[in-house]
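> This is the structure, below, for whatever I ask next.
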Amino acid sequence: MSTAEATATAQARAPGSRIKSSSPRQIPVVGVVMEDEEAQGVFKPMDLNHVIKLLKETGKDDLEEKQLKSVKKMVQCYQNGLPLRDLAQIFKILNLCAGKIKKQPHFIEPAYNILKLCGLPFLKKKVSDEITYAEDTANSIALLGDLMIIPSSELRIQICKCIIDFYHAEPPKKHITGYQQASSSYKIKMAEVGGLAKTMVQSLVLLENQLVEKLWVLKTLQHLSASEVNCTLMVKAQAASGICAHLNDPDPSGQLLFRSSEILWNLLEKSSKEEIIQQLSNLECLLALKKAFKNLFTRGLSHYDRQLRNDILVITTIISQNPEAPMIECGFTRDLILFATFNEVKSQNPLVKGLKFSNSYEDFELKKLLFNIIVTFCKDLSTIQLLIDGKVILALFTYVKKPEKHKIVEWSAAQYKELQLHAIATLSSVAPFLIDEYMLYQGNAHVLAFLEWCDSEDSFFSHGNSFHGIGGRGNKFAQMRYSLRLLRAMVYLEHETINKDLCEKRAIQQLIGIFKNTISKYNDKEEAILLEIQSDILLILSGLCEHHIPRKEIFGTEGVDIILHVMKTDPKKLQSGLGYNVLLFSTLDSIWCCILGCYPSEDYFLEKEGIFLLLDLMALNQKKFCNLILGIMVEFCDNPKTVAHVNAWRGKKDQTAASLLIKLWRKEEKELGVKRDRHGKIIDTKKPLFTSFQEEQKITPLPANCPTIAVMDVAENIRAKIYAVLGKLDFENLPGLSAEDFVTLCIIHRYLDFKVQATHKQRELANKSWENFLARTSNVKTLKKAKRLQEKGIESSRYSEHPPNAIFHRTDIKGLNTTVPSGGVVTVESTPARLVGGPLADTDIALKKLPIRGGALQRVKAVKTVNEPEKSVPT
């Protein structure tokens, strides 16, 4: 044998290499075959059943050599691909070889070579083969996971490589006539059907001390977790907790942490997020995440380390949404608060000593992620004290100020602006939980001073290229927008200390001035943001002025002017979708909170034709506004000057206010399904106001603190408010009414009477029930009749036929003359004191012989004790 031949032979027998035969090929595979050859099939000469039978034999001396030779021959036969029709037998051969490895180590090589074949394309002879052999293929691929139990590093790694090759399909090395390659996704789909991902996860338990093999399995799971089906299987195998717990195992290559975090990401994205959070919400997993994050935060310097650090923080943020996760117990919460604030609030903690953020993209993203997790923390009341200790409010307020010139900062101008907006947004979520801290650091003063800068004419160049900076390019609208959100969140707490402090700092006047300036700065490009700013200003003013007449007086005529300006908006803009509807709602709310109850403001509103504007809005016939407008009209009608304005209003086609109100009444009743004829007259005189909704409404028990259906009916529909407004107009001398309007007006006029008729009906029913009860207790015939009706009702509710061998128990007491069902509790009245002598009498009557006088026991002056000698007793 030549040197070249010897070398080729050695390579062929080396583990992990393709076995090559130096002898001539026994299975001819040619590019062109005759019809009879094609009919026989290219792989016909290989008898797989013979190989299986041979592998099952035992006891012969030279059997192992024959078995190895037959498997080698099979590997050479299928070196260009595995036909789907032969797959089940090939994997059976693989399984038999694997079973012999423990006692016969020589079978490692053939098993290895068969596994290499599994990475080759699967071949189909017919188009239907993929469906026909689907079950065999799925079971065969599932066997790969089962073979991971074999204690052979070489085989385990090859199994992983084989599975990874599923995702990097290559064409056959040589075209085989009569066969086509199965679709590229066929192996992947069959791996899902066979449940391969689950067994691969379970194999990690066997590899805790084998780093190389573990890394290959993680790489395999990284590929498998790209599928939702596989992720679901992995979750069932507790993949999340199993992988996370070993994040910090020794690994010089750094691949373990990277691949593990990638798998966790895929599981969170493609399977049940709640289930993954539940698996990771334990002390072991959180301690592992904490250690990994701290190491990367304090020691990670490369671009790769920073990316990995941020990924782990995102996973931690998702876990922290679970209130049961022991974030505080493991100390992770305290560390994250420290990392979020050390740059703004100087700390002596050795963890952050000497640390600094760079203006790299990864550090910038980290800062925003830390702001995000603070928002998550504040939702758990148990972390409030940690937020206070970490001086989170103080750290965030360092961003609520105008940019200082000539100051060296870590961030670029665009980065600083985005962090500034992010910090203010974070304050909007955190500050309402830390009111004392907010007031301690003079939060109102900071916000109002910042708003003053936002409203000033100082030049400011910003990019507005972030989520928070939308619409803020070249202006300060984004800062104003988020500052007002913060202020609105604090005012909505209705905390008098905060609101009083704002008013003392002239917040009402400042906000009215900002609103006026936004009108003059109107810009089509930022229209939506300006509308949001105006809406928030009005909502803040409403929160400050509600229930406080002196503050309403401060709101004054300037405040009324901005409200009137909004009410004059072109009605067509309400359908634009830019936010005019929200602004109008805020305006109506501010009329209620800032004007009503303050007579000078009410008079000024009337003088400026405010009632006309309200009626114009109501004439738009938009139900979402009508209820609120009518409520305002009811309150305004308490002012004696209002009625003249209401009567003087004219709408389209000279419509009067009374006609408009009556028209709204009819529309409301039509929507509620109230029964009326074509002339508007009452059809059901017994239920003149009854709606179809009330007819369909079932009796449902409600807690005591919930309003009843009747109360909700008055609150939600507008009939009661229309009645109240027309009542202020005295129901008389109303101009512009048609005949139908007069019919409807009569019904409206009797609205309260119809409601009180219903009350009488309930009262009559209650009285009738009481009379029936008295009749049963005083008249024997009535009692017997009621008893018969009760028994008849009980009998009719019973089954007519009883099941065989059943025991029947009577539920009534024979001879009991009562028509009230007996309950589980019986009240027994005490024996009268005159019979037992009161609470201080001697009640031990068991030892005394009492005489009987007239039937009932009576207290006697003396008794005769049993077995005592007779004595004379004075009478």
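Ordered as shown in the structure tokens, chains take letters A, B, and onward, while each chain numbers its residues from 1 and ligands are numbered from 1 in the order shown.
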With a distance cut-off of 12 Å and only C-alpha atoms, select the neighbouring residues of Gly559 in chain A, excluding the residue or stretch itself and same-chain residues fewer than 4 positions from it, and output the selection as a PyMOL selection string.
chain A and resi 508-516+537-538+541-542+545+551-555+563-566+587+590-591+593-595+601-602+604-605
> Could you write out that same residue set with N, CA, C and O atoms as a compact mmCIF listing (two decimals), in the first residue's frame?

# COMPACT_ATOMS: atom_id res chain seq x y z
N ILE A 508 -51.73 79.29 38.75
CA ILE A 508 -52.92 79.52 37.93
C ILE A 508 -52.65 80.61 36.90
O ILE A 508 -52.93 80.45 35.70
N GLN A 509 -52.09 81.73 37.36
CA GLN A 509 -51.78 82.81 36.42
C GLN A 509 -50.75 82.38 35.38
O GLN A 509 -50.87 82.72 34.19
N GLN A 510 -49.75 81.65 35.81
CA GLN A 510 -48.70 81.22 34.89
C GLN A 510 -49.26 80.28 33.81
O GLN A 510 -48.92 80.41 32.63
N LEU A 511 -50.13 79.37 34.22
CA LEU A 511 -50.69 78.42 33.26
C LEU A 511 -51.61 79.11 32.25
O LEU A 511 -51.62 78.77 31.06
N ILE A 512 -52.38 80.08 32.72
CA ILE A 512 -53.23 80.84 31.79
C ILE A 512 -52.37 81.60 30.78
O ILE A 512 -52.67 81.64 29.58
N GLY A 513 -51.26 82.15 31.25
CA GLY A 513 -50.35 82.85 30.34
C GLY A 513 -49.73 81.90 29.31
O GLY A 513 -49.60 82.25 28.13
N ILE A 514 -49.35 80.68 29.76
CA ILE A 514 -48.79 79.70 28.82
C ILE A 514 -49.83 79.34 27.76
O ILE A 514 -49.52 79.22 26.58
N PHE A 515 -51.09 79.17 28.20
CA PHE A 515 -52.15 78.82 27.25
C PHE A 515 -52.29 79.92 26.19
O PHE A 515 -52.41 79.62 24.98
N LYS A 516 -52.28 81.14 26.61
CA LYS A 516 -52.40 82.25 25.65
C LYS A 516 -51.24 82.25 24.66
O LYS A 516 -51.42 82.49 23.47
N ILE A 537 -53.29 71.84 30.43
CA ILE A 537 -53.37 73.09 31.20
C ILE A 537 -54.77 73.25 31.78
O ILE A 537 -54.94 73.58 32.97
N LEU A 538 -55.79 73.01 30.97
CA LEU A 538 -57.16 73.16 31.45
C LEU A 538 -57.49 72.13 32.52
O LEU A 538 -58.19 72.44 33.50
N LEU A 541 -55.86 73.30 35.74
CA LEU A 541 -56.62 74.41 36.30
C LEU A 541 -57.91 73.92 36.94
O LEU A 541 -58.32 74.40 38.01
N SER A 542 -58.55 72.94 36.33
CA SER A 542 -59.78 72.37 36.90
C SER A 542 -59.49 71.72 38.24
O SER A 542 -60.25 71.87 39.20
N CYS A 545 -58.90 74.53 40.90
CA CYS A 545 -59.99 75.44 41.22
C CYS A 545 -61.24 74.76 41.76
O CYS A 545 -62.07 75.42 42.37
N ARG A 551 -59.88 80.49 44.40
CA ARG A 551 -59.06 80.14 43.24
C ARG A 551 -59.84 80.36 41.95
O ARG A 551 -59.24 80.71 40.91
N LYS A 552 -61.16 80.15 41.99
CA LYS A 552 -61.98 80.46 40.81
C LYS A 552 -61.93 81.96 40.50
O LYS A 552 -61.93 82.37 39.33
N GLU A 553 -61.86 82.75 41.56
CA GLU A 553 -61.76 84.19 41.35
C GLU A 553 -60.42 84.57 40.73
O GLU A 553 -60.32 85.47 39.90
N ILE A 554 -59.35 83.84 41.11
CA ILE A 554 -58.05 84.07 40.49
C ILE A 554 -58.10 83.67 39.01
O ILE A 554 -57.52 84.33 38.16
N PHE A 555 -58.81 82.59 38.72
CA PHE A 555 -58.98 82.15 37.33
C PHE A 555 -59.59 83.29 36.51
O PHE A 555 -59.11 83.60 35.41
N ILE A 563 -61.28 79.79 27.69
CA ILE A 563 -62.33 78.78 27.51
C ILE A 563 -63.22 79.15 26.32
O ILE A 563 -63.56 78.31 25.48
N LEU A 564 -63.59 80.42 26.24
CA LEU A 564 -64.43 80.87 25.12
C LEU A 564 -63.71 80.70 23.79
O LEU A 564 -64.33 80.37 22.78
N HIS A 565 -62.38 80.90 23.81
CA HIS A 565 -61.61 80.73 22.58
C HIS A 565 -61.70 79.29 22.07
O HIS A 565 -61.88 79.06 20.86
N VAL A 566 -61.60 78.31 22.98
CA VAL A 566 -61.69 76.91 22.56
C VAL A 566 -63.10 76.58 22.07
O VAL A 566 -63.27 75.86 21.08
N THR A 587 -62.23 71.49 28.24
CA THR A 587 -62.83 72.82 28.34
C THR A 587 -64.14 72.77 29.11
O THR A 587 -64.40 73.60 29.99
N SER A 590 -63.46 72.35 32.68
CA SER A 590 -62.99 73.57 33.34
C SER A 590 -64.13 74.57 33.55
O SER A 590 -64.09 75.36 34.50
N ILE A 591 -65.16 74.57 32.68
CA ILE A 591 -66.33 75.41 32.93
C ILE A 591 -66.97 74.99 34.24
O ILE A 591 -67.33 75.82 35.09
N CYS A 593 -65.58 73.32 36.78
CA CYS A 593 -64.72 73.43 37.97
C CYS A 593 -64.22 74.86 38.22
O CYS A 593 -63.94 75.21 39.38
N CYS A 594 -64.05 75.66 37.16
CA CYS A 594 -63.39 76.96 37.32
C CYS A 594 -64.35 78.15 37.23
O CYS A 594 -63.96 79.26 37.60
N ILE A 595 -65.58 77.94 36.71
CA ILE A 595 -66.50 79.06 36.52
C ILE A 595 -67.74 78.93 37.38
O ILE A 595 -68.10 79.87 38.11
N SER A 601 -67.48 85.36 37.47
CA SER A 601 -67.06 84.60 36.29
C SER A 601 -68.27 84.12 35.49
O SER A 601 -68.26 84.12 34.25
N GLU A 602 -69.33 83.69 36.21
CA GLU A 602 -70.55 83.27 35.52
C GLU A 602 -71.14 84.41 34.70
O GLU A 602 -71.51 84.25 33.54
N TYR A 604 -69.61 87.04 33.56
CA TYR A 604 -68.74 87.37 32.42
C TYR A 604 -68.91 86.34 31.30
O TYR A 604 -68.93 86.69 30.12
N PHE A 605 -69.07 85.07 31.70
CA PHE A 605 -69.29 84.01 30.71
C PHE A 605 -70.59 84.26 29.95
O PHE A 605 -70.66 84.10 28.72
> Residues within 12 Å of Asn621 in chain A, please, as a PDB file with all heavy atoms, in the first residue's frame. Count only C-alpha atoms; anything in the same chain fewer than 2 positions from it doesn't count.

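Listing of selection-v1.pdb after writing:
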ATOM      1  N   PRO A 571     -66.337  73.436  14.303  1.00  0.00           N
ATOM      2  CA  PRO A 571     -66.820  72.073  14.611  1.00  0.00           C
ATOM      3  C   PRO A 571     -66.255  70.998  13.692  1.00  0.00           C
ATOM      4  O   PRO A 571     -66.178  69.826  14.084  1.00  0.00           O
ATOM      5  CB  PRO A 571     -68.345  72.192  14.436  1.00  0.00           C
ATOM      6  CG  PRO A 571     -68.635  73.646  14.606  1.00  0.00           C
ATOM      7  CD  PRO A 571     -67.440  74.376  14.077  1.00  0.00           C
ATOM      8  N   LEU A 614     -72.459  77.109  24.220  1.00  0.00           N
ATOM      9  CA  LEU A 614     -72.812  75.786  24.746  1.00  0.00           C
ATOM     10  C   LEU A 614     -73.956  75.164  23.951  1.00  0.00           C
ATOM     11  O   LEU A 614     -73.929  73.980  23.607  1.00  0.00           O
ATOM     12  CB  LEU A 614     -73.203  75.903  26.227  1.00  0.00           C
ATOM     13  CG  LEU A 614     -72.072  76.004  27.256  1.00  0.00           C
ATOM     14  CD1 LEU A 614     -72.643  76.254  28.638  1.00  0.00           C
ATOM     15  CD2 LEU A 614     -71.225  74.742  27.269  1.00  0.00           C
ATOM     16  N   LEU A 615     -74.965  75.969  23.648  1.00  0.00           N
ATOM     17  CA  LEU A 615     -76.091  75.463  22.878  1.00  0.00           C
ATOM     18  C   LEU A 615     -75.678  75.127  21.446  1.00  0.00           C
ATOM     19  O   LEU A 615     -76.199  74.175  20.845  1.00  0.00           O
ATOM     20  CB  LEU A 615     -77.230  76.474  22.897  1.00  0.00           C
ATOM     21  CG  LEU A 615     -77.943  76.631  24.258  1.00  0.00           C
ATOM     22  CD1 LEU A 615     -78.869  77.846  24.254  1.00  0.00           C
ATOM     23  CD2 LEU A 615     -78.730  75.380  24.604  1.00  0.00           C
ATOM     24  N   ASP A 616     -74.742  75.904  20.897  1.00  0.00           N
ATOM     25  CA  ASP A 616     -74.217  75.574  19.565  1.00  0.00           C
ATOM     26  C   ASP A 616     -73.552  74.204  19.564  1.00  0.00           C
ATOM     27  O   ASP A 616     -73.714  73.415  18.625  1.00  0.00           O
ATOM     28  CB  ASP A 616     -73.204  76.639  19.115  1.00  0.00           C
ATOM     29  CG  ASP A 616     -73.872  77.964  18.749  1.00  0.00           C
ATOM     30  OD1 ASP A 616     -75.093  77.947  18.455  1.00  0.00           O
ATOM     31  OD2 ASP A 616     -73.191  79.001  18.764  1.00  0.00           O
ATOM     32  N   LEU A 617     -72.797  73.943  20.629  1.00  0.00           N
ATOM     33  CA  LEU A 617     -72.140  72.634  20.731  1.00  0.00           C
ATOM     34  C   LEU A 617     -73.166  71.519  20.903  1.00  0.00           C
ATOM     35  O   LEU A 617     -73.027  70.437  20.317  1.00  0.00           O
ATOM     36  CB  LEU A 617     -71.166  72.631  21.910  1.00  0.00           C
ATOM     37  CG  LEU A 617     -69.890  73.440  21.755  1.00  0.00           C
ATOM     38  CD1 LEU A 617     -69.119  73.494  23.076  1.00  0.00           C
ATOM     39  CD2 LEU A 617     -69.007  72.835  20.667  1.00  0.00           C
ATOM     40  N   MET A 618     -74.206  71.795  21.689  1.00  0.00           N
ATOM     41  CA  MET A 618     -75.228  70.774  21.901  1.00  0.00           C
ATOM     42  C   MET A 618     -76.007  70.508  20.613  1.00  0.00           C
ATOM     43  O   MET A 618     -76.450  69.385  20.361  1.00  0.00           O
ATOM     44  CB  MET A 618     -76.172  71.218  23.017  1.00  0.00           C
ATOM     45  CG  MET A 618     -77.067  70.107  23.527  1.00  0.00           C
ATOM     46  SD  MET A 618     -77.712  70.413  25.181  1.00  0.00           S
ATOM     47  CE  MET A 618     -78.567  71.951  24.921  1.00  0.00           C
ATOM     48  N   ALA A 619     -76.142  71.532  19.782  1.00  0.00           N
ATOM     49  CA  ALA A 619     -76.853  71.380  18.512  1.00  0.00           C
ATOM     50  C   ALA A 619     -76.084  70.514  17.518  1.00  0.00           C
ATOM     51  O   ALA A 619     -76.649  70.062  16.516  1.00  0.00           O
ATOM     52  CB  ALA A 619     -77.138  72.753  17.900  1.00  0.00           C
ATOM     53  N   LYS A 623     -73.611  62.870  21.088  1.00  0.00           N
ATOM     54  CA  LYS A 623     -74.043  62.415  22.407  1.00  0.00           C
ATOM     55  C   LYS A 623     -72.947  62.499  23.453  1.00  0.00           C
ATOM     56  O   LYS A 623     -73.203  62.739  24.627  1.00  0.00           O
ATOM     57  CB  LYS A 623     -74.563  60.984  22.290  1.00  0.00           C
ATOM     58  CG  LYS A 623     -75.242  60.486  23.555  1.00  0.00           C
ATOM     59  CD  LYS A 623     -75.873  59.133  23.353  1.00  0.00           C
ATOM     60  CE  LYS A 623     -76.566  58.674  24.625  1.00  0.00           C
ATOM     61  NZ  LYS A 623     -77.201  57.344  24.452  1.00  0.00           N
ATOM     62  N   LYS A 624     -71.694  62.307  23.026  1.00  0.00           N
ATOM     63  CA  LYS A 624     -70.594  62.309  23.991  1.00  0.00           C
ATOM     64  C   LYS A 624     -70.438  63.666  24.677  1.00  0.00           C
ATOM     65  O   LYS A 624     -69.885  63.750  25.777  1.00  0.00           O
ATOM     66  CB  LYS A 624     -69.292  61.919  23.298  1.00  0.00           C
ATOM     67  CG  LYS A 624     -68.962  62.745  22.072  1.00  0.00           C
ATOM     68  CD  LYS A 624     -67.804  62.153  21.299  1.00  0.00           C
ATOM     69  CE  LYS A 624     -67.574  62.881  19.980  1.00  0.00           C
ATOM     70  NZ  LYS A 624     -66.531  62.249  19.170  1.00  0.00           N
ATOM     71  N   PHE A 625     -70.934  64.748  24.022  1.00  0.00           N
ATOM     72  CA  PHE A 625     -70.850  66.067  24.638  1.00  0.00           C
ATOM     73  C   PHE A 625     -72.150  66.459  25.343  1.00  0.00           C
ATOM     74  O   PHE A 625     -72.139  67.224  26.296  1.00  0.00           O
ATOM     75  CB  PHE A 625     -70.535  67.137  23.585  1.00  0.00           C
ATOM     76  CG  PHE A 625     -69.213  66.960  22.910  1.00  0.00           C
ATOM     77  CD1 PHE A 625     -69.118  66.933  21.530  1.00  0.00           C
ATOM     78  CD2 PHE A 625     -68.055  66.824  23.653  1.00  0.00           C
ATOM     79  CE1 PHE A 625     -67.903  66.762  20.905  1.00  0.00           C
ATOM     80  CE2 PHE A 625     -66.830  66.653  23.037  1.00  0.00           C
ATOM     81  CZ  PHE A 625     -66.759  66.621  21.654  1.00  0.00           C
ATOM     82  N   CYS A 626     -73.291  65.944  24.862  1.00  0.00           N
ATOM     83  CA  CYS A 626     -74.592  66.423  25.327  1.00  0.00           C
ATOM     84  C   CYS A 626     -74.780  66.251  26.824  1.00  0.00           C
ATOM     85  O   CYS A 626     -75.276  67.146  27.517  1.00  0.00           O
ATOM     86  CB  CYS A 626     -75.707  65.712  24.568  1.00  0.00           C
ATOM     87  SG  CYS A 626     -75.913  66.305  22.878  1.00  0.00           S
ATOM     88  N   ASN A 627     -74.392  65.072  27.352  1.00  0.00           N
ATOM     89  CA  ASN A 627     -74.616  64.813  28.770  1.00  0.00           C
ATOM     90  C   ASN A 627     -73.882  65.832  29.641  1.00  0.00           C
ATOM     91  O   ASN A 627     -74.442  66.377  30.593  1.00  0.00           O
ATOM     92  CB  ASN A 627     -74.140  63.397  29.103  1.00  0.00           C
ATOM     93  CG  ASN A 627     -74.905  62.799  30.263  1.00  0.00           C
ATOM     94  OD1 ASN A 627     -75.434  63.502  31.105  1.00  0.00           O
ATOM     95  ND2 ASN A 627     -74.963  61.487  30.311  1.00  0.00           N
ATOM     96  N   ILE A 629     -72.718  68.835  28.701  1.00  0.00           N
ATOM     97  CA  ILE A 629     -73.224  70.194  28.463  1.00  0.00           C
ATOM     98  C   ILE A 629     -74.530  70.419  29.223  1.00  0.00           C
ATOM     99  O   ILE A 629     -74.742  71.477  29.829  1.00  0.00           O
ATOM    100  CB  ILE A 629     -73.416  70.441  26.955  1.00  0.00           C
ATOM    101  CG1 ILE A 629     -72.065  70.446  26.239  1.00  0.00           C
ATOM    102  CG2 ILE A 629     -74.140  71.755  26.707  1.00  0.00           C
ATOM    103  CD1 ILE A 629     -72.149  70.498  24.733  1.00  0.00           C
ATOM    104  N   LEU A 660     -84.734  72.245  20.656  1.00  0.00           N
ATOM    105  CA  LEU A 660     -83.534  71.405  20.643  1.00  0.00           C
ATOM    106  C   LEU A 660     -83.566  70.389  21.779  1.00  0.00           C
ATOM    107  O   LEU A 660     -83.274  69.196  21.582  1.00  0.00           O
ATOM    108  CB  LEU A 660     -82.287  72.291  20.748  1.00  0.00           C
ATOM    109  CG  LEU A 660     -80.949  71.577  20.923  1.00  0.00           C
ATOM    110  CD1 LEU A 660     -80.657  70.692  19.718  1.00  0.00           C
ATOM    111  CD2 LEU A 660     -79.821  72.584  21.130  1.00  0.00           C
ATOM    112  N   LEU A 661     -83.959  70.843  22.974  1.00  0.00           N
ATOM    113  CA  LEU A 661     -83.993  69.951  24.130  1.00  0.00           C
ATOM    114  C   LEU A 661     -85.038  68.848  23.954  1.00  0.00           C
ATOM    115  O   LEU A 661     -84.801  67.684  24.283  1.00  0.00           O
ATOM    116  CB  LEU A 661     -84.268  70.758  25.401  1.00  0.00           C
ATOM    117  CG  LEU A 661     -83.152  71.713  25.842  1.00  0.00           C
ATOM    118  CD1 LEU A 661     -83.652  72.637  26.949  1.00  0.00           C
ATOM    119  CD2 LEU A 661     -81.934  70.939  26.306  1.00  0.00           C
ATOM    120  N   LYS A 663     -86.147  67.706  21.115  1.00  0.00           N
ATOM    121  CA  LYS A 663     -85.649  66.808  20.075  1.00  0.00           C
ATOM    122  C   LYS A 663     -84.646  65.822  20.655  1.00  0.00           C
ATOM    123  O   LYS A 663     -84.658  64.620  20.332  1.00  0.00           O
ATOM    124  CB  LYS A 663     -85.005  67.640  18.965  1.00  0.00           C
ATOM    125  CG  LYS A 663     -84.490  66.822  17.798  1.00  0.00           C
ATOM    126  CD  LYS A 663     -83.854  67.707  16.744  1.00  0.00           C
ATOM    127  CE  LYS A 663     -83.279  66.888  15.601  1.00  0.00           C
ATOM    128  NZ  LYS A 663     -82.611  67.755  14.589  1.00  0.00           N
ATOM    129  N   LEU A 664     -83.763  66.281  21.544  1.00  0.00           N
ATOM    130  CA  LEU A 664     -82.804  65.393  22.202  1.00  0.00           C
ATOM    131  C   LEU A 664     -83.509  64.363  23.075  1.00  0.00           C
ATOM    132  O   LEU A 664     -83.091  63.206  23.169  1.00  0.00           O
ATOM    133  CB  LEU A 664     -81.816  66.216  23.045  1.00  0.00           C
ATOM    134  CG  LEU A 664     -80.801  67.065  22.280  1.00  0.00           C
ATOM    135  CD1 LEU A 664     -80.005  67.927  23.245  1.00  0.00           C
ATOM    136  CD2 LEU A 664     -79.852  66.181  21.474  1.00  0.00           C
ATOM    137  N   TRP A 665     -84.603  64.797  23.721  1.00  0.00           N
ATOM    138  CA  TRP A 665     -85.387  63.855  24.540  1.00  0.00           C
ATOM    139  C   TRP A 665     -85.930  62.717  23.677  1.00  0.00           C
ATOM    140  O   TRP A 665     -85.826  61.540  24.027  1.00  0.00           O
ATOM    141  CB  TRP A 665     -86.529  64.626  25.224  1.00  0.00           C
ATOM    142  CG  TRP A 665     -87.465  63.775  26.014  1.00  0.00           C
ATOM    143  CD1 TRP A 665     -88.451  62.961  25.520  1.00  0.00           C
ATOM    144  CD2 TRP A 665     -87.523  63.618  27.435  1.00  0.00           C
ATOM    145  NE1 TRP A 665     -89.123  62.328  26.522  1.00  0.00           N
ATOM    146  CE2 TRP A 665     -88.571  62.714  27.724  1.00  0.00           C
ATOM    147  CE3 TRP A 665     -86.802  64.164  28.488  1.00  0.00           C
ATOM    148  CZ2 TRP A 665     -88.918  62.351  29.023  1.00  0.00           C
ATOM    149  CZ3 TRP A 665     -87.145  63.805  29.787  1.00  0.00           C
ATOM    150  CH2 TRP A 665     -88.178  62.898  30.043  1.00  0.00           C
ATOM    151  N   LYS A 667     -84.870  61.635  20.785  1.00  0.00           N
ATOM    152  CA  LYS A 667     -83.770  60.802  20.295  1.00  0.00           C
ATOM    153  C   LYS A 667     -83.287  59.852  21.390  1.00  0.00           C
ATOM    154  O   LYS A 667     -83.036  58.665  21.134  1.00  0.00           O
ATOM    155  CB  LYS A 667     -82.624  61.689  19.827  1.00  0.00           C
ATOM    156  CG  LYS A 667     -81.442  60.907  19.264  1.00  0.00           C
ATOM    157  CD  LYS A 667     -80.295  61.816  18.911  1.00  0.00           C
ATOM    158  CE  LYS A 667     -79.097  61.004  18.423  1.00  0.00           C
ATOM    159  NZ  LYS A 667     -77.916  61.856  18.177  1.00  0.00           N
ATOM    160  N   GLU A 668     -83.201  60.345  22.611  1.00  0.00           N
ATOM    161  CA  GLU A 668     -82.753  59.507  23.723  1.00  0.00           C
ATOM    162  C   GLU A 668     -83.738  58.371  23.984  1.00  0.00           C
ATOM    163  O   GLU A 668     -83.352  57.215  24.183  1.00  0.00           O
ATOM    164  CB  GLU A 668     -82.590  60.375  24.977  1.00  0.00           C
ATOM    165  CG  GLU A 668     -82.110  59.628  26.211  1.00  0.00           C
ATOM    166  CD  GLU A 668     -80.632  59.283  26.168  1.00  0.00           C
ATOM    167  OE1 GLU A 668     -79.938  59.720  25.218  1.00  0.00           O
ATOM    168  OE2 GLU A 668     -80.166  58.587  27.082  1.00  0.00           O
TER     169      GLU A 668
END
> What is the CA of Ile150 in chain A-CA of Ala98 in chain A distance in Å, reported with one decimal?
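Those two atoms sit 7.4 Å apart.
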> Using Å and a single decimal, report how far CA of Leu613 in chain A sits from CA of Leu588 in chain A.
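Atom-to-atom, CA of Leu588 in chain A to CA of Leu613 in chain A, that is 11.3 Å.
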> Show which residues sit within 10 Å of range 385-400 of chain A, as JSON, numbers by chain. Count only C-alpha atoms, and ignore same-chain residues fewer than 3 positions away.
{"A": [328, 333, 334, 335, 336, 337, 338, 339, 340, 341, 342, 343, 344, 345, 346, 347, 371, 374, 377, 378, 381, 382, 403, 416, 417, 419, 420, 421, 422, 423, 424, 425, 426, 427, 430, 431, 433, 434, 435, 436, 437, 438, 440, 441, 442, 443, 446, 447, 448, 449, 450, 451, 479, 483]}
